[in-house]
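Next comes work_7.txt, with compact mmCIF, C-alpha atoms and all ligand atoms.
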```txt
# COMPACT_ATOMS: atom_id res chain seq x y z
CA MET A 1 239.45 -33.43 -64.03
CA ALA A 2 239.96 -35.20 -60.71
CA TYR A 3 239.30 -33.15 -57.61
CA HIS A 4 239.75 -33.49 -53.89
CA ILE A 5 236.23 -33.27 -52.50
CA ALA A 6 235.22 -32.95 -48.84
CA ALA A 7 231.79 -34.56 -48.44
CA THR A 8 230.19 -33.52 -45.16
CA ASP A 9 226.96 -35.10 -44.01
CA ASP A 10 225.80 -36.49 -40.66
CA ASP A 11 224.02 -39.37 -42.45
CA PRO A 12 226.50 -42.27 -42.87
CA ALA A 13 224.49 -43.67 -45.81
CA ILE A 14 224.80 -40.44 -47.76
CA ARG A 15 228.50 -40.16 -46.95
CA LYS A 16 228.98 -43.69 -48.24
CA ILE A 17 227.08 -43.07 -51.49
CA LEU A 18 228.92 -39.84 -52.15
CA ASN A 19 232.23 -41.55 -51.52
CA ILE A 20 231.43 -44.41 -53.89
CA ILE A 21 230.09 -42.25 -56.72
CA LEU A 22 232.86 -39.67 -56.59
CA SER A 23 235.71 -42.13 -56.07
CA LYS A 24 234.54 -44.15 -59.08
CA GLU A 25 234.94 -41.00 -61.17
CA GLY A 26 238.57 -40.65 -60.06
CA HIS A 27 238.02 -37.98 -57.44
CA THR A 28 239.67 -38.10 -54.04
CA VAL A 29 237.00 -38.02 -51.37
CA SER A 30 237.41 -37.05 -47.73
CA VAL A 31 234.23 -37.72 -45.78
CA CYS A 32 233.31 -35.75 -42.69
CA GLU A 33 230.43 -36.48 -40.35
CA ASN A 34 230.12 -32.96 -38.97
CA GLY A 35 231.43 -29.41 -39.12
CA ASP A 36 234.24 -29.98 -36.63
CA HIS A 37 235.63 -32.80 -38.75
CA LEU A 38 235.43 -30.66 -41.84
CA MET A 39 237.28 -27.77 -40.18
CA ALA A 40 239.95 -30.19 -38.91
CA LEU A 41 240.33 -31.65 -42.40
CA LEU A 42 240.69 -28.21 -43.98
CA LYS A 43 243.33 -27.33 -41.44
CA GLN A 44 245.37 -30.52 -41.72
CA SER A 45 244.91 -31.76 -45.27
CA ARG A 46 248.10 -31.63 -47.30
CA ASP A 47 246.17 -32.17 -50.48
CA PRO A 48 244.18 -28.97 -51.04
CA ILE A 49 240.38 -29.30 -51.07
CA ASP A 50 238.83 -28.32 -54.42
CA CYS A 51 235.18 -28.50 -53.40
CA ILE A 52 233.08 -28.96 -50.26
CA LEU A 53 229.73 -30.77 -50.23
CA LEU A 54 227.94 -29.59 -47.13
CA ASP A 55 224.73 -30.84 -45.58
CA ILE A 56 222.61 -27.99 -44.28
CA LYS A 57 221.02 -29.82 -41.37
CA MET A 58 223.59 -31.38 -39.08
CA PRO A 59 223.88 -31.70 -35.33
CA GLY A 60 226.39 -29.30 -33.76
CA ILE A 61 227.45 -26.50 -36.09
CA SER A 62 224.84 -26.27 -38.79
CA GLY A 63 225.70 -26.12 -42.47
CA MET A 64 224.57 -22.48 -42.65
CA GLU A 65 226.82 -21.49 -39.73
CA LEU A 66 229.73 -23.32 -41.32
CA LEU A 67 229.09 -21.56 -44.61
CA GLY A 68 229.79 -18.21 -42.94
CA ILE A 69 233.01 -19.48 -41.35
CA LEU A 70 234.20 -21.11 -44.59
CA GLY A 71 233.51 -17.91 -46.55
CA LYS A 72 235.87 -16.04 -44.25
CA LYS A 73 238.59 -18.66 -43.74
CA TYR A 74 238.57 -20.45 -47.09
CA PRO A 75 236.98 -18.04 -49.56
CA THR A 76 238.44 -19.72 -52.64
CA ILE A 77 236.93 -23.20 -51.99
CA PRO A 78 233.48 -23.56 -53.59
CA VAL A 79 230.78 -24.97 -51.28
CA ILE A 80 227.80 -26.92 -52.63
CA MET A 81 225.03 -27.21 -50.05
CA LEU A 82 223.03 -30.43 -49.81
CA THR A 83 219.40 -29.81 -48.91
CA ALA A 84 216.39 -31.99 -48.36
CA PHE A 85 214.06 -32.10 -51.37
CA SER A 86 211.48 -29.90 -49.68
CA ASP A 87 214.02 -27.37 -48.47
CA LEU A 88 214.24 -25.12 -51.55
CA ASP A 89 214.08 -21.83 -49.59
CA THR A 90 217.03 -22.82 -47.46
CA GLY A 91 218.96 -23.71 -50.60
CA MET A 92 218.30 -20.24 -52.03
CA LYS A 93 219.30 -18.66 -48.73
CA ALA A 94 222.56 -20.63 -48.83
CA ILE A 95 223.36 -19.25 -52.29
CA ARG A 96 222.75 -15.73 -51.00
CA SER A 97 225.07 -16.50 -48.07
CA GLY A 98 227.96 -17.45 -50.32
CA ALA A 99 227.39 -21.08 -51.36
CA GLU A 100 228.48 -21.76 -54.93
CA ASP A 101 225.44 -24.00 -55.57
CA TYR A 102 222.97 -26.28 -53.84
CA LEU A 103 221.69 -29.77 -54.57
CA SER A 104 218.46 -31.34 -53.33
CA LYS A 105 218.73 -34.87 -51.96
CA PRO A 106 218.38 -37.43 -53.39
CA VAL A 107 220.65 -36.28 -56.17
CA ARG A 108 221.28 -37.96 -59.49
CA LYS A 109 224.86 -39.03 -60.18
CA SER A 110 225.20 -37.12 -63.46
CA GLU A 111 223.86 -33.95 -61.87
CA LEU A 112 226.17 -34.28 -58.87
CA LEU A 113 229.23 -34.67 -61.08
CA SER A 114 228.37 -31.86 -63.48
CA ARG A 115 227.48 -29.43 -60.66
CA ILE A 116 230.74 -30.17 -58.83
CA ASN A 117 232.71 -29.63 -62.04
CA GLU A 118 230.85 -26.40 -62.75
CA ALA A 119 231.35 -25.10 -59.19
CA VAL A 120 235.08 -25.84 -59.19
CA LEU A 121 235.62 -24.20 -62.59
CA LYS A 122 233.59 -21.15 -61.62
CA ALA A 123 235.50 -20.74 -58.35
CA LYS A 124 238.82 -21.26 -60.12
CA LYS A 125 237.95 -18.62 -62.69
CA ARG A 126 236.98 -16.22 -59.90
CA THR A 127 240.23 -16.90 -58.02
CA ASP A 128 242.29 -16.43 -61.20
CA GLU A 129 240.57 -13.12 -61.89
CA LYS A 130 241.13 -12.01 -58.32
CA GLN A 131 244.82 -12.93 -58.54
CA LYS A 132 245.09 -11.13 -61.86
CA ALA A 133 243.47 -8.03 -60.37
CA GLN A 134 245.76 -8.29 -57.36
CA LYS A 135 248.80 -8.55 -59.65
CA ILE A 136 247.65 -5.54 -61.66
CA SER A 137 247.08 -3.60 -58.48
CA GLU A 138 250.58 -4.53 -57.24
CA GLN A 139 252.07 -3.44 -60.57
CA HIS A 140 250.16 -0.17 -60.30
CA LYS A 141 251.53 0.32 -56.81
CA ILE A 142 255.10 -0.29 -58.05
CA LEU A 143 254.59 2.17 -60.90
CA GLU A 144 253.02 4.68 -58.53
CA ASP A 145 256.00 4.39 -56.15
CA GLN A 146 258.41 4.81 -59.07
CA LEU A 147 256.46 7.84 -60.24
CA ILE A 148 256.54 9.38 -56.77
CA GLU A 149 260.29 8.78 -56.52
CA THR A 150 260.83 10.29 -59.98
CA HIS A 151 258.71 13.26 -58.98
CA HIS A 152 260.76 13.73 -55.79
CA SER A 153 263.97 13.45 -57.76
CA ILE A 154 262.75 16.05 -60.29
CA THR A 155 261.66 18.31 -57.42
CA ARG A 156 265.09 17.97 -55.78
CA THR A 157 266.82 18.79 -59.08
CA MET A 158 264.46 21.69 -59.63
CA MET A 159 265.09 23.14 -56.17
CA ALA A 160 268.86 22.82 -56.69
CA THR A 161 268.50 24.62 -60.03
CA ILE A 162 266.39 27.33 -58.42
CA LYS A 163 268.96 27.84 -55.66
CA ALA A 164 271.73 28.03 -58.26
CA PHE A 165 269.69 30.67 -60.12
CA SER A 166 269.10 32.78 -57.06
CA GLU A 167 272.77 32.53 -56.05
CA THR A 168 273.78 33.64 -59.54
CA LEU A 169 271.59 36.68 -59.10
CA GLU A 170 273.05 37.43 -55.70
CA GLN A 171 276.57 37.27 -57.15
CA LYS A 172 275.56 40.01 -59.51
CA ASP A 173 273.85 42.13 -56.88
CA PRO A 174 275.79 41.72 -53.61
CA TYR A 175 273.41 44.04 -51.78
CA THR A 176 270.70 41.45 -52.10
CA ARG A 177 272.91 38.59 -50.87
CA GLY A 178 270.75 36.28 -48.81
CA HIS A 179 267.64 38.24 -49.80
CA CYS A 180 266.04 35.44 -51.85
CA SER A 181 266.57 32.81 -49.17
CA ARG A 182 265.26 35.13 -46.44
CA VAL A 183 262.20 36.03 -48.50
CA SER A 184 261.68 32.33 -49.02
CA ALA A 185 262.01 31.54 -45.30
CA ILE A 186 259.59 34.31 -44.31
CA SER A 187 257.15 33.36 -47.08
CA LEU A 188 257.19 29.76 -45.85
CA ASN A 189 256.52 30.99 -42.28
CA ILE A 190 253.43 32.79 -43.56
CA GLY A 191 252.41 29.88 -45.81
CA ARG A 192 252.66 27.43 -42.91
CA MET A 193 250.50 29.68 -40.74
CA CYS A 194 247.94 29.90 -43.57
CA GLY A 195 247.75 26.08 -43.69
CA LEU A 196 249.00 25.73 -47.26
CA ASN A 197 249.33 22.17 -48.53
CA ASP A 198 252.64 20.58 -49.58
CA SER A 199 252.33 21.44 -53.22
CA GLU A 200 251.47 25.09 -52.47
CA MET A 201 254.42 25.27 -50.07
CA THR A 202 256.73 23.90 -52.79
CA ILE A 203 255.54 26.57 -55.23
CA LEU A 204 255.88 29.22 -52.54
CA GLU A 205 259.43 28.15 -51.76
CA GLY A 206 260.57 28.03 -55.39
CA GLY A 207 258.69 31.17 -56.41
CA SER A 208 260.06 33.22 -53.53
CA LEU A 209 263.61 32.07 -54.27
CA LEU A 210 263.14 33.01 -57.92
CA HIS A 211 261.06 36.16 -57.52
CA ASP A 212 263.82 38.57 -58.61
CA ILE A 213 265.43 36.27 -61.18
CA GLY A 214 264.66 38.81 -63.92
CA LYS A 215 267.24 41.12 -62.36
CA ILE A 216 269.86 38.95 -64.07
CA GLY A 217 269.13 41.02 -67.18
CA ILE A 218 269.33 44.41 -65.41
CA PRO A 219 272.64 46.26 -65.78
CA GLU A 220 274.80 46.17 -62.67
CA SER A 221 275.19 49.95 -62.96
CA ILE A 222 271.49 50.19 -62.06
CA LEU A 223 271.36 47.35 -59.54
CA ASN A 224 274.35 48.63 -57.59
CA LYS A 225 273.89 52.37 -58.14
CA PRO A 226 274.66 54.11 -54.86
CA GLU A 227 272.36 57.05 -55.63
CA ARG A 228 268.68 57.37 -56.26
CA LEU A 229 267.64 55.89 -59.61
CA ASP A 230 266.36 58.32 -62.23
CA PRO A 231 262.88 57.68 -63.72
CA ASP A 232 264.29 55.87 -66.78
CA GLU A 233 266.36 53.60 -64.56
CA VAL A 234 263.33 52.89 -62.39
CA GLU A 235 261.43 51.81 -65.52
CA ILE A 236 264.32 49.54 -66.52
CA LEU A 237 264.42 48.01 -63.04
CA LYS A 238 260.67 47.39 -63.18
CA THR A 239 261.15 45.19 -66.26
CA HIS A 240 262.68 42.49 -64.05
CA THR A 241 259.22 41.04 -63.38
CA LEU A 242 258.46 40.36 -67.05
CA ALA A 243 262.08 39.46 -67.78
CA GLY A 244 261.89 36.85 -65.02
CA GLU A 245 258.76 35.39 -66.53
CA LYS A 246 260.45 35.25 -69.94
CA ILE A 247 263.40 33.31 -68.51
CA LEU A 248 261.20 30.78 -66.71
CA LYS A 249 258.95 30.23 -69.72
CA PHE A 250 261.75 28.33 -71.42
CA ILE A 251 261.50 25.53 -68.84
CA ASP A 252 258.13 23.82 -68.39
CA MET A 253 258.77 22.72 -64.81
CA PHE A 254 259.16 26.37 -63.75
CA ALA A 255 255.64 27.25 -64.92
CA PRO A 256 254.10 27.12 -61.39
CA TYR A 257 256.53 29.81 -60.18
CA ILE A 258 255.78 32.33 -62.94
CA PRO A 259 252.86 34.11 -61.17
CA ILE A 260 255.10 34.94 -58.18
CA VAL A 261 257.93 36.12 -60.43
CA ARG A 262 255.66 38.20 -62.65
CA SER A 263 253.39 39.70 -60.01
CA HIS A 264 255.41 40.19 -56.82
CA HIS A 265 255.33 43.98 -57.32
CA GLU A 266 251.55 44.15 -57.66
CA ARG A 267 249.78 46.08 -54.92
CA TYR A 268 246.55 45.23 -53.17
CA ASP A 269 245.12 48.64 -54.17
CA GLY A 270 245.86 48.01 -57.85
CA ASN A 271 248.72 50.53 -58.14
CA GLY A 272 251.49 48.01 -58.62
CA TYR A 273 253.12 46.60 -61.74
CA PRO A 274 253.28 45.07 -64.32
CA ASP A 275 249.50 44.43 -64.62
CA GLY A 276 247.89 46.68 -61.99
CA MET A 277 246.02 43.72 -60.50
CA ALA A 278 244.11 44.44 -57.30
CA GLY A 279 242.88 42.58 -54.20
CA GLU A 280 242.17 38.90 -54.69
CA GLU A 281 242.97 39.17 -58.38
CA ILE A 282 246.56 38.87 -57.18
CA PRO A 283 247.24 35.18 -56.53
CA TYR A 284 247.36 34.27 -52.84
CA LEU A 285 250.95 33.00 -52.92
CA VAL A 286 252.04 36.22 -54.61
CA ARG A 287 250.42 38.29 -51.84
CA ILE A 288 252.45 36.31 -49.30
CA VAL A 289 255.74 36.85 -51.12
CA THR A 290 255.02 40.59 -51.50
CA ILE A 291 254.97 41.05 -47.73
CA ALA A 292 258.08 38.91 -47.18
CA ASP A 293 259.93 40.69 -49.99
CA THR A 294 259.13 44.16 -48.69
CA PHE A 295 260.00 43.24 -45.12
CA ASP A 296 263.40 41.89 -46.11
CA ALA A 297 264.13 44.64 -48.62
CA MET A 298 263.52 47.25 -45.90
CA THR A 299 265.32 45.54 -43.06
CA SER A 300 268.42 44.77 -45.14
CA GLY A 301 270.57 47.41 -46.76
CA ARG A 302 270.59 48.40 -50.40
CA SER A 303 273.21 50.16 -52.50
CA TYR A 304 271.27 53.40 -52.05
CA ARG A 305 270.11 53.16 -48.45
CA LYS A 306 270.71 51.78 -44.99
CA SER A 307 268.60 49.09 -43.42
CA VAL A 308 265.38 50.16 -41.71
CA PRO A 309 264.85 48.96 -38.11
CA ILE A 310 262.38 46.10 -37.70
CA GLU A 311 259.87 48.13 -35.62
CA GLU A 312 259.81 50.85 -38.29
CA THR A 313 259.44 48.26 -41.05
CA ILE A 314 256.54 46.58 -39.22
CA SER A 315 254.82 49.91 -38.74
CA GLU A 316 255.32 50.73 -42.46
CA ILE A 317 253.80 47.38 -43.43
CA GLN A 318 250.93 47.99 -40.99
CA ASN A 319 250.33 51.42 -42.57
CA ASN A 320 250.16 49.81 -45.98
CA LYS A 321 247.59 47.23 -44.94
CA GLY A 322 244.96 47.16 -47.68
CA LEU A 323 247.05 49.52 -49.82
CA GLN A 324 250.14 47.58 -50.78
CA PHE A 325 249.33 44.39 -48.89
CA ASP A 326 246.54 41.92 -48.23
CA PRO A 327 245.18 43.13 -44.85
CA GLU A 328 244.50 39.65 -43.46
CA LEU A 329 247.99 38.47 -44.32
CA VAL A 330 249.49 41.57 -42.71
CA ASP A 331 247.63 40.81 -39.46
CA LEU A 332 248.86 37.24 -39.54
CA PHE A 333 252.40 38.34 -40.36
CA ILE A 334 252.59 40.87 -37.54
CA ASN A 335 250.55 39.13 -34.84
CA HIS A 336 252.51 35.89 -35.16
CA LYS A 337 255.88 37.60 -35.75
CA LEU A 338 256.30 35.55 -38.92
CA TYR A 339 259.24 37.72 -39.94
CA ILE A 340 261.44 35.97 -37.38
CA ILE A 341 263.68 33.44 -39.09
CA ASN A 342 266.64 31.50 -37.85
CA ALA A 343 270.22 31.71 -39.10
CA VAL A 344 269.71 34.72 -41.33
CA PRO A 345 272.87 35.79 -43.17
CA GLU A 346 273.41 39.52 -42.72
CA THR A 347 274.64 41.90 -45.41
CA GLN A 348 274.07 45.51 -44.53
CA PRO A 349 276.50 47.89 -46.19
CA GLU A 350 276.96 51.24 -44.46
CA ILE A 351 275.63 53.58 -47.12
CA GLU A 352 273.61 56.75 -46.60
CA PRO A 353 269.86 56.26 -47.08
CA VAL A 354 268.46 57.74 -50.27
CA LEU A 355 265.14 56.17 -51.24
CA SER A 356 263.37 52.89 -50.78
CA LEU A 357 262.15 51.68 -54.18
FE FE A 401 261.44 42.41 -57.29
```

Could you spell out this file's structure in structure tokens?
Amino acid sequence: MAYHIAATDDDPAIRKILNIILSKEGHTVSVCENGDHLMALLKQSRDPIDCILLDIKMPGISGMELLGILGKKYPTIPVIMLTAFSDLDTGMKAIRSGAEDYLSKPVRKSELLSRINEAVLKAKKRTDEKQKAQKISEQHKILEDQLIETHHSITRTMMATIKAFSETLEQKDPYTRGHCSRVSAISLNIGRMCGLNDSEMTILEGGSLLHDIGKIGIPESILNKPERLDPDEVEILKTHTLAGEKILKFIDMFAPYIPIVRSHHERYDGNGYPDGMAGEEIPYLVRIVTIADTFDAMTSGRSYRKSVPIEETISEIQNNKGLQFDPELVDLFINHKLYIINAVPETQPEIEPVLSL
């Protein structure tokens, strides 16, 4: 293979010998008498340099100094240092500083040629591997971006499906119109204040929108009954938690929302349903939704009762701190007025109060 070699040495005799030997072998040789000439050559040469022969001891910028500069500016060009016969330590130091190889002067022709060939091939292999790695990394980045976009698209579809679900439920139970979206907005207020990360906030949003989805299977005669429910009806209504879980189990992507749907009627003191979980056994996101759900259920009307004023609702939630609700979350909820949401749709039928379920 013929290479373009930059031979840099302050000794004109050595430059001449190198030029003769290498040119005879078919290589193109550019001779430089010092570091400045070499840098100018590297900058201006149209024919790329394949290998640099560099004398260590030169006036002006020394070979070692140049080695550092070359490593940064031209990392792909292999540098072979030329040392005096007695200068073995410096040669080793040059290798440690990034030189591809070193040769002690005087150097035999065969050795010079084989070491140049070896250095160029080694450097080429290294560059090829680097480029390959770079290409792989770029392909990974493209795949990663595509994956993120697909994930966003799935999330958007999922949220649209969830909203359609919750609207279907609200069609069936007009007294809870807007309830799911308000519970979601309040839950997100609390979640934000708790410093939840994006993925937790997404689960909180979807779970709170879906929390009552199991009511789809509850007869409208129970959902919209204007009087107090009898004990059997209460038991039927309670099944909406497990019914909701059953619905969501059919679709894998809804799995993260199941705990909120199943457990949003659990109580901090363990007297809730369906599992009687207590305290921190109840998942954190569920404890958030429980407060938001109760607040909105009380402050908006139901078929069997009028809405409860906000102050009264807050005091009821305060009284149930540690009983129905996580005490720390109640403090956060009340102290930061996290129940305040914007653009809340109002549906408050004028019906005599009977009982809050
Ligand atoms: Fe519920």

Which residues sit within 7 Å of ligand FE 401 (chain A), counting only C-alpha atoms and all ligand atoms, listed as a VMD selection string?
-> chain A and resid 211 to 212 240 to 241 264 to 265

Among listed residues A:Leu169, A:Val107, A:Ile49, A:Leu66, nearest A:Ile17 (using only C-alpha atoms) |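 Closest candidate: A:Val107.
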
Which one is closest to A:Ile154: A:Ile21, A:Met253, A:Val261, A:Ser30? Count all atoms listed in the file.
-> A:Met253

Identify, on the basis of all atoms listed in the file, every residue whose closest approach to A:Asp9 does not exceed 8 Å; exclude the query and any residue fewer than 3 positions from it along the same chain; express the result as a PyMOL selection string.
-> chain A and resi 12+14-15+31-34+54-55+58

Neighbour residues at most 9 Å from (260.1, 31.2, -47.5) (only C-alpha atoms) as a PyMOL selection string = chain A and resi 180-191+201+204-206+208-209+289+292

Could you save those same residues with C-alpha atoms as a compact mmCIF listing (two decimals), in the frame of the given file?
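Done, and the output landed in result-v1.txt:
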```txt
# COMPACT_ATOMS: atom_id res chain seq x y z
CA CYS A 180 266.04 35.44 -51.85
CA SER A 181 266.57 32.81 -49.17
CA ARG A 182 265.26 35.13 -46.44
CA VAL A 183 262.20 36.03 -48.50
CA SER A 184 261.68 32.33 -49.02
CA ALA A 185 262.01 31.54 -45.30
CA ILE A 186 259.59 34.31 -44.31
CA SER A 187 257.15 33.36 -47.08
CA LEU A 188 257.19 29.76 -45.85
CA ASN A 189 256.52 30.99 -42.28
CA ILE A 190 253.43 32.79 -43.56
CA GLY A 191 252.41 29.88 -45.81
CA MET A 201 254.42 25.27 -50.07
CA LEU A 204 255.88 29.22 -52.54
CA GLU A 205 259.43 28.15 -51.76
CA GLY A 206 260.57 28.03 -55.39
CA SER A 208 260.06 33.22 -53.53
CA LEU A 209 263.61 32.07 -54.27
CA VAL A 289 255.74 36.85 -51.12
CA ALA A 292 258.08 38.91 -47.18
```

A straight line from atom CA of A:Asn319 to atom CA of A:Ile291 spans 12.5 Å

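You will find atom CA of A:Phe254 at 13.0 Å from atom CA of A:Arg156.
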
Around all the atoms of stretch 209-223 of chain A listed in the file, draw an axis-aligned box and extend it by 8 Å on each of the six sides; I want its centre and edge lengths in Å to one decimal, as JSON.
```
{"center_x": 268.1, "center_y": 41.1, "center_z": -60.7, "size_x": 30.1, "size_y": 34.1, "size_z": 28.9}
```

From atom CA of A:Gly195 to atom CA of A:Ala164 the spacing works out at 28.1 Å

Please write as a ChimeraX atom specification the list of polymer residues whose atoms come within 8 Å of (280.0, 42.0, -57.8), counting all atoms listed in the file and keeping to the coordinates of the file.
-> /A:171-174

Please write the residues from the selection above to a file, keeping C-alpha atoms, as a compact mmCIF listing (two decimals), in the frame of the given file.
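Result went into selection-v7.txt, see below:
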```txt
# COMPACT_ATOMS: atom_id res chain seq x y z
CA GLN A 171 276.57 37.27 -57.15
CA LYS A 172 275.56 40.01 -59.51
CA ASP A 173 273.85 42.13 -56.88
CA PRO A 174 275.79 41.72 -53.61
```

Residue nearest A:Gly217 - candidates A:Thr150, A:Thr168, A:Thr290, A:Thr161, atoms counted: all atoms listed in the file |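 Looking only at the distances to A:Gly217, the closest residue turns out to be A:Thr168.
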
For A:Ile222, which residue out of A:Leu82, A:Ile247, A:Arg302, A:Asp293 is the nearest one, using all atoms listed in the file?
->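 Of all the options, A:Arg302 lies closest to A:Ile222.
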
Choose the residue, out of A:Cys51, A:Val29, A:Leu70, A:Leu22, that has the smallest atom-to-atom separation from A:Glu111; count only C-alpha atoms.
-> A:Leu22
